[in-house]
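Enquirer: My questions all concern the structure below.
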Amino acid sequence: MVNFFKGTKDRASFFLIPLLGHHTESRMNHNSYLCDLKAQRYSTTQTEDKRTTKIDRRKLVIEQCLRREQGIGIYLPLPCFCHLFVVPLLLRRNEQQEMNANEPVKLRKRKTRTGLYSLYLDTYNNGKRTYEYLRLYLVPEKTREDKRKNKETLQLAEAIRAKRVIEYHEGRYGFDTSEQDKVLLFDYFEAQTEGQKRKTSDSWGSCLQYIKRYERRRNITFAEVTSEWVKGFKEFLEAQELAQNTKSLYFAKLRACINKAYREGIITDNPLKRVGSIKLEESKREYLTIEEVQRLVETDCDSEVVKRAFLFSCLTGLRKSDIMQLQWGYVHKEGDYTRITFRQRKTGGQEYLDITHDARELMGEERGAEELVFDSFPAMSTVSAVINVWTARAGIRKHITFHSARHTFATMMLTLGTDLYTVSKLLGHKDIKTTEIYAKIVDKGKQEAVARIPSILSKEK
């Protein structure tokens, strides 16, 4: 070993044997020379026969490794134990990479907004890529329990992947595994309806009724849902005596169902590619002026909590769903302002909203952190009836709903000169185009332009 560390140049050559990278014929010859040099240096204390055996064996293994490895090009030290551990690991890794490269179904993960990792299958077949989300999630590993759960989740995901691989190969080699011939449209649609929230599921259920009126067969499968079938349903909806936006909503539900079936691999050709959607009609957004809001403040209301919550929405722009789940633990004092930190129920976005002193006063006396700010909130049908009576007492002749308070906040902010971007952030909109609708309602430039038109009618003296 003393002789081995004697020459600096030879020692460098020994430790810098290139294991990874593209290797030309000349480089392979050079590597072969280095392998000989290394093996000879290390075995000087052995007999001639044993030394020859070790040189041949190590040279063969390393050269095999060099031929297998491609594309990285780094240098690694090769002490004696590398022949027992590193080289076999590299060889096994190469075999695994070759196997994965030919695998049609791969298990992948994607980070979600909540910090979890969603597992999904990536399938590539005949030049077409499809994804199947497994609804399985990995958590950040902070404890042993987290690691254990992630291990079990990965095992379950791997079992699903193995099943998909079997199905893939069976379909590839002639066995009939076509899901679109087996899955019934109505059963699948009803399953999607059950997975929606109560308010959303109502529109899904209504859409299903119209699909059943259009398609009388109850055993229709996805194989029969063609572009012509979808176009027929679109024309059927457009012929119904429904509001334009209702037609658009129902057709959007069918599109969502078919797109999900396509993502899950139930259908291989999406019939929606050749069918357009039903366009929405811009609806009127009813709102209150500042003077009308002041009249409501001075008018008695049959429900004290409805009055406080409605006026609170006029001053903050919060939706009814967010107001109903607002807890005192979300309310914080920030200097002269009161700040509400909450997560929107509709979009899931985290929001930080500073409110006025009037809005804070409408919240009432502070209680426990987990108690609701506006407790004992009545049912929606009751709320609508209370608001109708209340606005009528105030002499307001408009169709006002609880959501009109949010429209009121948006138009009031724009009327007072707040820029569109700030209003968008206050409302929690993800897309400023949604806020631009309010800019059309309150266009001070148009009002000022009209006000400059001189009078052309002569007044009688």
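Starting from 1 in every chain, residues are counted up; chains themselves are A, B, ... following the order of the structure tokens, and ligands are numbered from 1 as listed.
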Among the residues of stretch 122-337 of chain A, find those DSSP assigns to helix (DSSP H, G or I) from the backbone and print them as a PyMOL selection string.

Expert: chain A and resi 144-172+179-181+185-194+198-214+222-224+227-238+244-263+271-274+290-298+304-316+320-324+328-330

Enquirer: Within 9 Å of A:Pro378, counting only C-alpha atoms, which residues qualify if same-chain residues fewer than 6 places away don't, as a ChimeraX atom specification?

Expert: /A:303,305-306

Enquirer: Can you write just those residues out, N, CA and C atoms, as a PDB file, in the first residue's frame?

Expert:
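Result went into part.pdb, see below:
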ATOM      1  N   SER A 303     -85.254  39.919  11.646  1.00  0.00           N
ATOM      2  CA  SER A 303     -84.170  39.080  12.188  1.00  0.00           C
ATOM      3  C   SER A 303     -82.951  39.951  12.434  1.00  0.00           C
ATOM      4  N   VAL A 305     -79.938  39.031  13.428  1.00  0.00           N
ATOM      5  CA  VAL A 305     -78.697  38.461  12.925  1.00  0.00           C
ATOM      6  C   VAL A 305     -78.611  38.605  11.404  1.00  0.00           C
ATOM      7  N   VAL A 306     -79.758  38.525  10.703  1.00  0.00           N
ATOM      8  CA  VAL A 306     -79.763  38.720   9.255  1.00  0.00           C
ATOM      9  C   VAL A 306     -79.411  40.166   8.919  1.00  0.00           C
TER      10      VAL A 306
END

Enquirer: May I ask which of the residues A:Arg218, A:Ala162, A:Leu208, A:Thr356 is the closest one to A:Glu194, counting only C-alpha atoms?

Expert: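 Smallest distance to A:Glu194 is found for A:Leu208.
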
Enquirer: Excluding A:Gly317 and residues on its chain fewer than 2 positions from it, collect all residues at most 10 Å away from it, counting only C-alpha atoms, and give them as a ChimeraX atom specification.

Expert: /A:310-315,319-320,323,353,403-410,413,423,426-428

Enquirer: Compare A:Val297, A:Leu372, A:Leu414, A:Leu154 by their minimum atom-to-atom distance to A:Gln327, counting only C-alpha atoms, and give me the closest one.

Expert: A:Leu372
